[in-house]
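Below is model-v1.tsv, which holds TSV, C-alpha atoms.
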```tsv
chain	number	residue	atom	x	y	z
A	1	MET	CA	-2.92	-21.80	9.33
A	2	LYS	CA	-6.26	-20.05	10.08
A	3	ILE	CA	-6.90	-22.50	12.91
A	4	TYR	CA	-3.42	-21.85	14.29
A	5	HIS	CA	-3.87	-18.09	14.36
A	6	LEU	CA	-7.33	-18.32	15.93
A	7	PHE	CA	-5.98	-20.72	18.53
A	8	LEU	CA	-3.10	-18.29	19.22
A	9	VAL	CA	-5.51	-15.43	19.80
A	10	LEU	CA	-7.73	-17.46	22.12
A	11	ILE	CA	-4.85	-18.93	24.16
A	12	VAL	CA	-3.34	-15.50	24.77
A	13	LEU	CA	-6.56	-13.75	25.58
A	14	VAL	CA	-9.09	-16.09	27.19
A	15	SER	CA	-7.30	-16.13	30.55
A	16	CYS	CA	-7.72	-12.38	31.01
A	17	LYS	CA	-11.42	-12.65	30.11
A	18	GLU	CA	-11.89	-15.30	32.78
A	19	GLU	CA	-10.53	-12.92	35.40
A	20	LYS	CA	-12.55	-9.88	34.29
A	21	GLN	CA	-16.31	-10.21	33.94
A	22	GLN	CA	-18.82	-7.82	32.35
A	23	VAL	CA	-16.62	-7.25	29.30
A	24	PRO	CA	-18.68	-6.07	26.26
A	25	THR	CA	-19.40	-8.66	23.57
A	26	THR	CA	-19.16	-6.18	20.68
A	27	LEU	CA	-16.81	-3.29	19.94
A	28	LYS	CA	-17.44	-0.22	22.05
A	29	THR	CA	-17.72	3.02	20.08
A	30	GLY	CA	-15.06	5.66	20.54
A	31	THR	CA	-11.48	6.49	19.60
A	32	TYR	CA	-8.66	4.01	20.24
A	33	GLN	CA	-4.89	4.21	20.18
A	34	ALA	CA	-3.67	0.97	18.61
A	35	VAL	CA	-0.15	-0.37	19.05
A	36	LEU	CA	1.58	-3.01	16.94
A	37	LYS	CA	4.58	-4.55	18.72
A	38	VAL	CA	7.54	-4.24	16.34
A	39	ASN	CA	9.98	-5.69	18.89
A	40	ASP	CA	10.52	-5.71	22.65
A	41	SER	CA	11.41	-2.02	22.73
A	42	VAL	CA	9.68	-0.52	19.68
A	43	ASP	CA	5.96	0.13	19.23
A	44	LEU	CA	4.14	1.20	16.07
A	45	PRO	CA	1.03	3.22	16.98
A	46	PHE	CA	-1.96	4.40	14.98
A	47	VAL	CA	-5.43	5.72	15.76
A	48	PHE	CA	-8.86	4.44	14.80
A	49	GLU	CA	-12.45	5.23	15.71
A	50	VAL	CA	-15.19	2.64	16.15
A	51	LEU	CA	-18.44	4.07	14.78
A	52	SER	CA	-20.62	1.01	15.37
A	53	LYS	CA	-20.16	-2.67	16.12
A	54	ASN	CA	-19.50	-3.35	12.42
A	55	LYS	CA	-17.76	-0.19	11.23
A	56	LEU	CA	-14.61	1.75	12.08
A	57	HIS	CA	-12.29	4.35	10.57
A	58	ILE	CA	-8.47	4.15	10.55
A	59	PHE	CA	-6.70	7.53	10.45
A	60	ASN	CA	-3.33	8.37	8.85
A	61	ALA	CA	-2.81	12.14	8.50
A	62	GLU	CA	-5.41	13.24	5.87
A	63	GLU	CA	-6.31	9.64	5.02
A	64	VAL	CA	-9.45	8.01	6.43
A	65	ILE	CA	-9.83	4.26	5.74
A	66	GLU	CA	-13.35	2.92	6.21
A	67	VAL	CA	-13.49	-0.63	7.54
A	68	ASP	CA	-16.88	-2.32	7.34
A	69	GLU	CA	-15.91	-5.99	7.57
A	70	VAL	CA	-16.06	-6.68	11.31
A	71	THR	CA	-17.22	-10.14	12.35
A	72	TYR	CA	-17.67	-11.93	15.67
A	73	ARG	CA	-16.95	-15.59	16.37
A	74	ASN	CA	-17.08	-16.98	19.89
A	75	ASP	CA	-15.04	-14.55	22.03
A	76	SER	CA	-13.00	-13.13	19.14
A	77	VAL	CA	-13.51	-10.13	16.87
A	78	PHE	CA	-12.10	-10.16	13.33
A	79	ILE	CA	-11.40	-6.78	11.72
A	80	LYS	CA	-10.61	-6.97	8.00
A	81	PRO	CA	-9.38	-3.78	6.32
A	82	PRO	CA	-10.76	-3.17	2.81
A	83	VAL	CA	-9.22	-4.85	-0.25
A	84	PHE	CA	-6.05	-6.21	1.37
A	85	ASP	CA	-5.64	-9.84	2.39
A	86	SER	CA	-4.93	-9.31	6.09
A	87	TYR	CA	-6.92	-8.94	9.29
A	88	ILE	CA	-6.77	-8.15	12.99
A	89	ALA	CA	-8.02	-10.85	15.39
A	90	VAL	CA	-8.72	-9.62	18.92
A	91	ALA	CA	-10.56	-10.23	22.13
A	92	ILE	CA	-12.38	-7.40	23.87
A	93	THR	CA	-10.89	-6.44	27.23
A	94	ASP	CA	-12.01	-3.95	29.85
A	95	GLU	CA	-9.38	-1.48	28.51
A	96	GLY	CA	-9.99	-2.02	24.79
A	97	LEU	CA	-8.75	-4.80	22.52
A	98	GLU	CA	-5.89	-7.29	22.51
A	99	GLY	CA	-4.78	-9.78	19.87
A	100	VAL	CA	-2.71	-10.03	16.69
A	101	TYR	CA	-2.45	-8.54	13.21
A	102	ILE	CA	-2.23	-11.39	10.70
A	103	LYS	CA	-1.09	-11.85	7.09
A	104	GLU	CA	-1.77	-15.52	6.57
A	105	ASP	CA	-0.20	-16.15	3.18
A	106	LEU	CA	3.06	-14.57	4.32
A	107	LYS	CA	2.84	-16.36	7.69
A	108	ARG	CA	3.30	-13.09	9.58
A	109	THR	CA	1.74	-12.10	12.89
A	110	VAL	CA	2.30	-8.95	14.94
A	111	PRO	CA	1.03	-8.52	18.53
A	112	PHE	CA	-1.72	-5.88	18.68
A	113	LYS	CA	-3.29	-3.88	21.49
A	114	ALA	CA	-5.72	-0.94	21.50
A	115	ILE	CA	-6.77	1.34	24.36
A	116	LEU	CA	-10.21	2.94	24.24
A	117	GLY	CA	-10.21	6.67	24.92
A	118	SER	CA	-6.60	7.32	23.93
A	119	THR	CA	-6.62	9.68	20.95
A	120	LYS	CA	-2.94	10.47	20.36
A	121	ARG	CA	-0.78	8.52	17.92
A	122	PHE	CA	2.49	9.57	19.64
A	123	GLU	CA	3.23	11.53	22.80
A	124	ALA	CA	5.66	14.45	22.50
A	125	ALA	CA	7.11	15.27	25.90
A	126	ASN	CA	9.53	17.92	24.61
A	127	LYS	CA	9.30	20.97	22.38
A	128	ALA	CA	10.61	20.36	18.86
A	129	THR	CA	14.23	21.50	18.48
A	130	THR	CA	13.90	21.95	14.71
A	131	ASP	CA	11.29	22.45	12.01
A	132	MET	CA	11.70	19.69	9.41
A	133	SER	CA	9.23	21.13	6.91
A	134	GLY	CA	10.59	20.86	3.36
A	135	ILE	CA	12.41	18.45	1.06
A	136	TRP	CA	14.89	15.81	2.25
A	137	GLU	CA	17.27	13.91	-0.02
A	138	THR	CA	17.13	10.43	1.52
A	139	THR	CA	19.07	7.19	1.17
A	140	PHE	CA	17.83	3.91	2.62
A	141	SER	CA	20.36	1.17	3.51
A	142	PRO	CA	23.20	3.61	2.72
A	143	ASP	CA	25.97	1.14	3.60
A	144	SER	CA	24.66	-1.70	1.41
A	145	GLU	CA	25.58	-1.65	-2.26
A	146	ASP	CA	22.87	-4.21	-3.08
A	147	ASP	CA	20.03	-2.81	-0.99
A	148	ARG	CA	20.67	0.95	-1.22
A	149	TYR	CA	17.93	3.12	-2.79
A	150	ILE	CA	17.05	6.79	-2.83
A	151	ALA	CA	13.92	8.63	-1.78
A	152	LYS	CA	12.53	12.13	-1.52
A	153	GLY	CA	11.16	13.08	1.89
A	154	ILE	CA	8.37	15.67	1.74
A	155	PHE	CA	7.21	16.92	5.14
A	156	LYS	CA	5.17	19.62	6.83
A	157	GLN	CA	5.49	20.48	10.51
A	158	ILE	CA	3.12	22.47	12.74
A	159	ASP	CA	4.45	22.76	16.29
A	160	ASN	CA	5.34	19.14	17.19
A	161	LYS	CA	3.10	17.48	14.58
A	162	ILE	CA	4.63	16.06	11.38
A	163	THR	CA	2.85	14.86	8.24
A	164	GLY	CA	4.20	13.87	4.82
A	165	THR	CA	5.78	10.90	3.09
A	166	PHE	CA	8.86	9.45	1.44
A	167	ARG	CA	8.67	9.12	-2.35
A	168	THR	CA	10.87	6.53	-4.04
A	169	THR	CA	11.40	5.62	-7.69
A	170	THR	CA	8.73	2.94	-7.29
A	171	GLY	CA	6.04	4.73	-5.26
A	172	ASP	CA	5.50	6.31	-1.87
A	173	TYR	CA	5.34	5.27	1.77
A	174	ARG	CA	1.72	6.33	2.22
A	175	TYR	CA	0.30	8.97	4.55
A	176	LEU	CA	2.81	9.30	7.39
A	177	GLU	CA	1.90	11.05	10.63
A	178	GLY	CA	3.84	11.64	13.81
A	179	VAL	CA	5.70	14.02	16.05
A	180	MET	CA	9.02	15.70	16.67
A	181	ASP	CA	9.83	15.04	20.32
A	182	GLY	CA	12.82	17.28	20.96
A	183	SER	CA	15.17	16.11	18.20
A	184	GLN	CA	13.52	12.69	17.88
A	185	LEU	CA	11.28	12.06	14.89
A	186	LYS	CA	8.54	9.41	15.09
A	187	LEU	CA	6.30	8.67	12.08
A	188	SER	CA	3.90	5.82	11.40
A	189	THR	CA	1.13	4.59	9.15
A	190	PHE	CA	-1.16	1.56	9.03
A	191	ASP	CA	-3.37	0.89	6.01
A	192	GLY	CA	-4.24	-2.77	6.48
A	193	ALA	CA	-1.54	-4.04	4.13
A	194	HIS	CA	1.51	-2.34	5.56
A	195	ALA	CA	2.55	-1.15	8.99
A	196	PHE	CA	5.38	1.38	8.67
A	197	LEU	CA	7.37	3.12	11.39
A	198	PHE	CA	10.16	5.66	10.95
A	199	THR	CA	12.29	6.91	13.83
A	200	ALA	CA	15.18	9.34	13.48
A	201	THR	CA	17.38	11.93	15.13
A	202	VAL	CA	16.97	15.22	13.27
A	203	THR	CA	19.08	18.38	13.13
A	204	ASP	CA	18.45	21.49	11.04
A	205	SER	CA	20.08	19.85	8.04
A	206	THR	CA	20.44	16.11	8.64
A	207	MET	CA	18.40	13.06	9.59
A	208	GLN	CA	19.57	9.63	10.67
A	209	GLY	CA	17.18	6.88	11.59
A	210	MET	CA	15.56	3.48	11.16
A	211	PHE	CA	12.66	2.27	9.05
A	212	TYR	CA	10.54	-0.66	10.31
A	213	SER	CA	8.03	-2.62	8.25
A	214	GLY	CA	5.94	-4.55	10.75
A	215	ASN	CA	8.09	-6.85	12.86
A	216	HIS	CA	9.76	-8.66	9.95
A	217	PHE	CA	12.01	-6.00	8.37
A	218	LYS	CA	14.05	-2.95	9.25
A	219	GLU	CA	16.71	-0.85	7.57
A	220	PRO	CA	18.64	2.36	8.36
A	221	PHE	CA	18.27	5.61	6.45
A	222	ILE	CA	19.99	8.98	6.27
A	223	ALA	CA	18.81	12.26	4.81
A	224	LYS	CA	19.88	15.84	4.23
A	225	ARG	CA	17.92	18.96	3.39
A	226	ASN	CA	17.86	19.65	-0.33
A	227	GLU	CA	14.96	21.69	-1.70
A	228	ALA	CA	16.21	21.11	-5.27
A	229	PHE	CA	16.36	17.30	-5.04
A	230	GLU	CA	14.40	15.29	-7.61
A	231	LEU	CA	14.07	11.57	-8.25
A	232	PRO	CA	14.84	10.05	-11.66
A	233	ASP	CA	12.05	10.31	-14.23
A	234	ALA	CA	9.61	7.43	-13.67
A	235	ASN	CA	9.08	7.22	-17.44
A	236	ASP	CA	12.72	6.27	-18.11
A	237	LEU	CA	13.22	3.33	-15.75
A	238	THR	CA	11.39	0.53	-17.59
A	239	PHE	CA	11.50	0.02	-21.36
A	240	LEU	CA	11.21	-2.55	-24.16
A	241	LYS	CA	14.35	-4.61	-24.68
A	242	GLU	CA	16.14	-4.52	-28.01
A	243	GLY	CA	14.43	-6.78	-30.51
A	244	TYR	CA	10.92	-6.15	-29.21
A	245	ASP	CA	8.48	-3.58	-30.54
A	246	LYS	CA	5.24	-4.66	-28.86
A	247	VAL	CA	3.87	-6.04	-25.61
A	248	SER	CA	2.23	-9.45	-25.74
A	249	PHE	CA	0.73	-11.69	-23.07
A	250	SER	CA	-1.90	-14.36	-22.52
A	251	PHE	CA	-3.35	-14.76	-19.03
A	252	PRO	CA	-6.65	-16.14	-17.67
A	253	ASP	CA	-9.64	-14.20	-16.40
A	254	LYS	CA	-11.83	-15.43	-13.54
A	255	ASN	CA	-13.69	-17.78	-15.91
A	256	GLY	CA	-10.48	-19.41	-17.14
A	257	LYS	CA	-10.67	-17.68	-20.51
A	258	MET	CA	-7.27	-16.68	-21.86
A	259	VAL	CA	-7.04	-12.99	-22.70
A	260	SER	CA	-4.32	-11.51	-24.89
A	261	MET	CA	-3.43	-8.26	-26.64
A	262	GLU	CA	-4.50	-9.88	-29.92
A	263	ASP	CA	-8.15	-10.04	-28.78
A	264	GLU	CA	-10.72	-8.04	-30.73
A	265	ARG	CA	-11.55	-5.77	-27.79
A	266	PHE	CA	-8.05	-4.25	-27.88
A	267	LYS	CA	-7.76	-3.68	-31.64
A	268	ASN	CA	-7.50	-0.06	-32.76
A	269	LYS	CA	-7.79	1.07	-29.13
A	270	VAL	CA	-5.54	2.93	-26.76
A	271	VAL	CA	-4.60	0.28	-24.19
A	272	LEU	CA	-3.13	0.73	-20.72
A	273	VAL	CA	-1.56	-2.41	-19.25
A	274	GLN	CA	-1.42	-2.21	-15.46
A	275	ILE	CA	1.13	-4.53	-13.83
A	276	MET	CA	-0.11	-4.80	-10.24
A	277	GLY	CA	-1.08	-6.87	-7.22
A	278	THR	CA	-4.11	-6.79	-4.95
A	279	TRP	CA	-1.76	-6.72	-1.94
A	280	CYS	CA	0.00	-3.50	-3.07
A	281	PRO	CA	-1.08	-0.12	-1.57
A	282	ASN	CA	0.39	1.94	-4.43
A	283	CYS	CA	-1.49	-0.35	-6.85
A	284	LEU	CA	-4.65	0.34	-4.86
A	285	ASP	CA	-4.14	4.09	-5.27
A	286	GLU	CA	-3.55	3.66	-8.99
A	287	SER	CA	-6.51	1.28	-9.38
A	288	LYS	CA	-8.85	3.80	-7.77
A	289	TYR	CA	-7.67	6.44	-10.21
A	290	LEU	CA	-7.75	4.18	-13.28
A	291	ALA	CA	-11.20	2.80	-12.42
A	292	ASN	CA	-12.65	6.29	-12.46
A	293	TYR	CA	-10.76	7.36	-15.57
A	294	TYR	CA	-11.87	4.22	-17.43
A	295	LYS	CA	-15.51	4.75	-16.48
A	296	ASN	CA	-15.38	8.23	-18.02
A	297	ASN	CA	-13.42	7.27	-21.16
A	298	LYS	CA	-14.23	3.66	-22.07
A	299	ASP	CA	-16.54	4.87	-24.85
A	300	ASN	CA	-13.77	7.01	-26.36
A	301	GLY	CA	-11.58	4.16	-27.60
A	302	LEU	CA	-9.81	3.32	-24.32
A	303	GLU	CA	-9.13	-0.11	-22.83
A	304	ILE	CA	-7.33	-0.97	-19.60
A	305	VAL	CA	-6.24	-4.45	-18.56
A	306	GLY	CA	-4.74	-5.35	-15.18
A	307	LEU	CA	-2.16	-8.11	-14.82
A	308	ALA	CA	-2.20	-9.30	-11.21
A	309	PHE	CA	0.89	-10.88	-9.66
A	310	GLU	CA	-0.33	-12.46	-6.42
A	311	TYR	CA	1.67	-13.97	-3.55
A	312	THR	CA	-1.31	-15.94	-2.25
A	313	LYS	CA	-0.70	-19.69	-2.52
A	314	THR	CA	-3.72	-20.88	-4.52
A	315	GLU	CA	-5.32	-19.83	-7.79
A	316	ASP	CA	-8.78	-19.75	-6.22
A	317	LYS	CA	-7.63	-17.43	-3.43
A	318	ALA	CA	-5.86	-15.19	-5.95
A	319	PHE	CA	-9.00	-14.82	-8.05
A	320	ALA	CA	-11.06	-14.20	-4.89
A	321	ASN	CA	-8.70	-11.34	-3.97
A	322	ILE	CA	-8.95	-9.93	-7.51
A	323	GLN	CA	-12.74	-10.06	-7.41
A	324	ARG	CA	-12.78	-8.39	-3.99
A	325	LEU	CA	-10.62	-5.55	-5.32
A	326	LYS	CA	-12.79	-5.12	-8.43
A	327	SER	CA	-15.99	-5.12	-6.40
A	328	ARG	CA	-14.68	-2.68	-3.78
A	329	LEU	CA	-13.39	-0.17	-6.34
A	330	ASN	CA	-16.02	-0.78	-9.03
A	331	ILE	CA	-13.30	-1.70	-11.54
A	332	GLN	CA	-14.96	-2.32	-14.90
A	333	TYR	CA	-11.86	-3.30	-16.85
A	334	PRO	CA	-10.53	-6.90	-16.80
A	335	VAL	CA	-7.95	-7.93	-14.22
A	336	LEU	CA	-6.17	-11.15	-15.22
A	337	LEU	CA	-4.17	-13.53	-13.05
A	338	ALA	CA	-0.62	-13.37	-14.33
A	339	GLN	CA	1.03	-15.23	-11.45
A	340	PHE	CA	0.23	-16.69	-8.02
A	341	GLY	CA	2.34	-18.17	-5.24
A	342	THR	CA	4.90	-15.36	-5.42
A	343	ALA	CA	5.05	-11.67	-6.20
A	344	SER	CA	8.72	-11.94	-7.21
A	345	LYS	CA	9.59	-9.21	-9.71
A	346	VAL	CA	12.13	-11.50	-11.34
A	347	SER	CA	9.44	-14.11	-11.96
A	348	ALA	CA	7.08	-11.38	-13.16
A	349	GLN	CA	9.63	-10.16	-15.70
A	350	GLU	CA	9.93	-13.71	-17.03
A	351	LYS	CA	6.20	-13.57	-17.82
A	352	LEU	CA	6.76	-10.33	-19.74
A	353	PRO	CA	10.20	-10.93	-21.33
A	354	MET	CA	9.92	-7.90	-23.62
A	355	LEU	CA	10.56	-5.61	-20.62
A	356	ASN	CA	14.08	-4.85	-19.40
A	357	HIS	CA	12.83	-5.50	-15.85
A	358	ILE	CA	9.88	-5.03	-13.55
A	359	LEU	CA	11.19	-2.63	-10.98
A	360	SER	CA	7.94	-1.83	-9.25
A	361	TYR	CA	4.33	-2.70	-8.64
A	362	PRO	CA	2.53	-0.95	-10.21
A	363	THR	CA	4.07	-0.40	-13.63
A	364	THR	CA	1.84	0.97	-16.39
A	365	ILE	CA	2.39	0.49	-20.12
A	366	PHE	CA	0.79	3.01	-22.50
A	367	ILE	CA	0.00	1.52	-25.94
A	368	ASP	CA	-1.39	3.52	-28.87
A	369	LYS	CA	-4.03	2.46	-31.40
A	370	THR	CA	-1.42	0.85	-33.65
A	371	GLY	CA	-0.12	-1.39	-30.83
A	372	ALA	CA	3.08	0.62	-30.33
A	373	VAL	CA	4.36	1.22	-26.80
A	374	ARG	CA	4.51	4.97	-26.28
A	375	LYS	CA	5.49	5.13	-22.64
A	376	ILE	CA	6.12	2.92	-19.59
A	377	HIS	CA	5.60	4.50	-16.17
A	378	THR	CA	7.25	2.85	-13.16
A	379	GLY	CA	5.52	3.12	-9.77
A	380	PHE	CA	2.70	5.38	-8.70
A	381	ASN	CA	2.73	8.43	-6.47
A	382	GLY	CA	-0.59	8.43	-4.68
A	383	PRO	CA	-2.58	11.19	-2.96
A	384	ALA	CA	-0.16	11.19	0.01
A	385	THR	CA	2.40	12.92	-2.24
A	386	GLY	CA	0.20	16.00	-2.62
A	387	GLU	CA	1.38	18.20	-5.48
A	388	LYS	CA	3.21	15.29	-7.13
A	389	TYR	CA	-0.04	13.36	-7.36
A	390	ILE	CA	-1.80	16.35	-8.94
A	391	GLU	CA	1.12	16.79	-11.32
A	392	PHE	CA	0.95	13.10	-12.29
A	393	THR	CA	-2.80	13.05	-12.92
A	394	THR	CA	-2.58	16.20	-15.03
A	395	GLU	CA	0.20	14.74	-17.19
A	396	PHE	CA	-1.55	11.34	-17.37
A	397	GLU	CA	-4.76	12.84	-18.71
A	398	ARG	CA	-2.94	15.10	-21.17
A	399	PHE	CA	-0.95	12.17	-22.54
A	400	VAL	CA	-3.78	9.62	-22.75
A	401	ASN	CA	-6.25	12.12	-24.14
A	402	GLY	CA	-3.69	12.90	-26.81
A	403	LEU	CA	-3.42	9.21	-27.72
A	404	LEU	CA	-7.22	8.94	-27.90
A	405	VAL	CA	-7.51	11.67	-30.53
A	406	GLU	CA	-4.70	10.41	-32.77
```
Re-express the file's structure as structure tokens.
Amino acid sequence: MKIYHLFLVLIVLVSCKEEKQQVPTTLKTGTYQAVLKVNDSVDLPFVFEVLSKNKLHIFNAEEVIEVDEVTYRNDSVFIKPPVFDSYIAVAITDEGLEGVYIKEDLKRTVPFKAILGSTKRFEAANKATTDMSGIWETTFSPDSEDDRYIAKGIFKQIDNKITGTFRTTTGDYRYLEGVMDGSQLKLSTFDGAHAFLFTATVTDSTMQGMFYSGNHFKEPFIAKRNEAFELPDANDLTFLKEGYDKVSFSFPDKNGKMVSMEDERFKNKVVLVQIMGTWCPNCLDESKYLANYYKNNKDNGLEIVGLAFEYTKTEDKAFANIQRLKSRLNIQYPVLLAQFGTASKVSAQEKLPMLNHILSYPTTIFIDKTGAVRKIHTGFNGPATGEKYIEFTTEFERFVNGLLVE
């Protein structure tokens, strides 16, 4: 598959290089507007800045993603965002870059182009007809009984510029940034793992639009203003099934050693079990937070163990992704391989049959020193959610610190 994608990049791009000489052999520094081609009529833009031939920053509202894995092979440049198992393969043109965004294990490619010197994510040709700052009660796939789910839109608008996110019961849609062009909303984000685009027609009190995830998925959504709207409590969605009073598992670490809750390291400790995947942006946000909290509290009777559910096709690749995540984030707690070949939540729940379901990656189980489950938190609201993130971290620390002193 790697050979196929490289061949695809070269076939598409070499012809233009033959026609245009004196093209640089390494990335030129400066700011680029990148565009992922969602379909023939829809583009998903984002902005990045090349700082040197081997380093660039991707911008999404307040988020800055540092990318320092940039390699050169023949006439192609390979840009690999941190942690996630995806990359951008491009050729350098006289205007900027051209190629594809690739997720190999999922067999997904999206056409990619970037123009050097273009600094705007979206153009807004018209003055905004409404200010959408505030809270929006949102429903995705409203006409589908099976696929329908709710979300809380949280947005801030200054002139035409919009920032914010959609929170769901399982997490958030990252740092979204865009514009209000007349009555037309355009929001996007790109973090290396996901490429999200939201378009909508907005009035003072309603929103109707379409959500695109790369070029492989789209769904409609509707929303209405509702400053009092709240999502269900994330602590009530996942629980132990009747007949179970503890969590048990046995999964391998990178050395093939089976690790379980019965191991000596977990006895008489407060244990947090993190159900996650290296491919999951909300899991990345949570892992950053947990890594720091563990570093500061591991000597106080705390243990954390990650259970990784990986869609990559081989065990070796799955462990490589786990090790890359641990190294990047300086995670000192063990991350075990619970599953590879699929990230199916149904399959994941079969590995942990004591849970009523696994609704979201991540899901975190809080276990006290006696081995009793005290709380299960579904999803994770990362820094893009602003006050909700601060509220979560405050409650998290109060609760865990309380368990530590029991």
Quick one: residues within 12 Å of (-3.1, -15.7, -19.8) (file frame), counting all atoms listed in the file, please, as a compact mmCIF listing (two decimals) with C-alpha atoms, keeping the file's coordinate frame.
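After the write, result-v6.txt holds the following:
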```txt
# COMPACT_ATOMS: atom_id res chain seq x y z
CA SER A 248 2.23 -9.45 -25.74
CA PHE A 249 0.73 -11.69 -23.07
CA SER A 250 -1.90 -14.36 -22.52
CA PHE A 251 -3.35 -14.76 -19.03
CA PRO A 252 -6.65 -16.14 -17.67
CA ASP A 253 -9.64 -14.20 -16.40
CA LYS A 254 -11.83 -15.43 -13.54
CA ASN A 255 -13.69 -17.78 -15.91
CA GLY A 256 -10.48 -19.41 -17.14
CA LYS A 257 -10.67 -17.68 -20.51
CA MET A 258 -7.27 -16.68 -21.86
CA VAL A 259 -7.04 -12.99 -22.70
CA SER A 260 -4.32 -11.51 -24.89
CA MET A 261 -3.43 -8.26 -26.64
CA GLU A 262 -4.50 -9.88 -29.92
CA ASP A 263 -8.15 -10.04 -28.78
CA VAL A 305 -6.24 -4.45 -18.56
CA GLY A 306 -4.74 -5.35 -15.18
CA LEU A 307 -2.16 -8.11 -14.82
CA ALA A 308 -2.20 -9.30 -11.21
CA PHE A 309 0.89 -10.88 -9.66
CA PRO A 334 -10.53 -6.90 -16.80
CA VAL A 335 -7.95 -7.93 -14.22
CA LEU A 336 -6.17 -11.15 -15.22
CA LEU A 337 -4.17 -13.53 -13.05
CA ALA A 338 -0.62 -13.37 -14.33
CA GLN A 339 1.03 -15.23 -11.45
CA LYS A 351 6.20 -13.57 -17.82
CA LEU A 352 6.76 -10.33 -19.74
```
(message) At a cut-off of 7 Å, using only C-alpha atoms, what residues contact region 121-136 of chain A? Leave out same-chain residues fewer than 2 positions from it and give the result as a PyMOL selection string.
(response) chain A and resi 33+45-47+119+138+152-157+160+178-183+203-204+223-227
Write out the residues from the selection above, keeping C-alpha atoms, as a compact mmCIF listing (two decimals), keeping the file's coordinate frame.
```txt
# COMPACT_ATOMS: atom_id res chain seq x y z
CA GLN A 33 -4.89 4.21 20.18
CA PRO A 45 1.03 3.22 16.98
CA PHE A 46 -1.96 4.40 14.98
CA VAL A 47 -5.43 5.72 15.76
CA THR A 119 -6.62 9.68 20.95
CA THR A 138 17.13 10.43 1.52
CA LYS A 152 12.53 12.13 -1.52
CA GLY A 153 11.16 13.08 1.89
CA ILE A 154 8.37 15.67 1.74
CA PHE A 155 7.21 16.92 5.14
CA LYS A 156 5.17 19.62 6.83
CA GLN A 157 5.49 20.48 10.51
CA ASN A 160 5.34 19.14 17.19
CA GLY A 178 3.84 11.64 13.81
CA VAL A 179 5.70 14.02 16.05
CA MET A 180 9.02 15.70 16.67
CA ASP A 181 9.83 15.04 20.32
CA GLY A 182 12.82 17.28 20.96
CA SER A 183 15.17 16.11 18.20
CA THR A 203 19.08 18.38 13.13
CA ASP A 204 18.45 21.49 11.04
CA ALA A 223 18.81 12.26 4.81
CA LYS A 224 19.88 15.84 4.23
CA ARG A 225 17.92 18.96 3.39
CA ASN A 226 17.86 19.65 -0.33
CA GLU A 227 14.96 21.69 -1.70
```
(request) List the neighbours of Tyr87 (chain A) out to 6 Å using only C-alpha atoms; skip same-chain residues closer than 4 positions along the sequence, and give me the result as a PyMOL selection string. (result) chain A and resi 79-80+101-102
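For region 360-364 of chain A, the non-local neighbours within 9 Å, defined as residues at least 5 positions apart in the same chain or in other chains and counting all atoms listed in the file, are A:Thr169, A:Thr170, A:Gly171, A:Thr238, A:Leu272, A:Val273, A:Gln274, A:Ile275, A:Met276, A:Gly277, A:Cys280, A:Asn282, A:Cys283, A:Glu286, A:Phe309, A:Lys345, A:Lys375, A:Ile376, A:His377, A:Thr378, A:Gly379, A:Phe380.
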Output for the residues just chosen: C-alpha atoms as a compact mmCIF listing (two decimals), in the coordinates of the input:
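Wrote it out as out_21.txt, contents follow:
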```
# COMPACT_ATOMS: atom_id res chain seq x y z
CA THR A 169 11.40 5.62 -7.69
CA THR A 170 8.73 2.94 -7.29
CA GLY A 171 6.04 4.73 -5.26
CA THR A 238 11.39 0.53 -17.59
CA LEU A 272 -3.13 0.73 -20.72
CA VAL A 273 -1.56 -2.41 -19.25
CA GLN A 274 -1.42 -2.21 -15.46
CA ILE A 275 1.13 -4.53 -13.83
CA MET A 276 -0.11 -4.80 -10.24
CA GLY A 277 -1.08 -6.87 -7.22
CA CYS A 280 0.00 -3.50 -3.07
CA ASN A 282 0.39 1.94 -4.43
CA CYS A 283 -1.49 -0.35 -6.85
CA GLU A 286 -3.55 3.66 -8.99
CA PHE A 309 0.89 -10.88 -9.66
CA LYS A 345 9.59 -9.21 -9.71
CA LYS A 375 5.49 5.13 -22.64
CA ILE A 376 6.12 2.92 -19.59
CA HIS A 377 5.60 4.50 -16.17
CA THR A 378 7.25 2.85 -13.16
CA GLY A 379 5.52 3.12 -9.77
CA PHE A 380 2.70 5.38 -8.70
```
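Residue nearest Ile88 (chain A), chosen from A:Ser141, A:Asn39, A:Asp191, A:Lys218 and counting all atoms listed in the file: A:Asp191.
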(request) Can you work out the spacing between CA of Phe78 (chain A) and CA of Leu187 (chain A) in Å, to one decimal? (result) 26.4 Å
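Distance-wise, CA of Arg328 (chain A) and CA of Val100 (chain A) end up 24.8 Å apart.
Distance-wise, CA of Thr199 (chain A) and CA of Phe211 (chain A) end up 6.7 Å apart.
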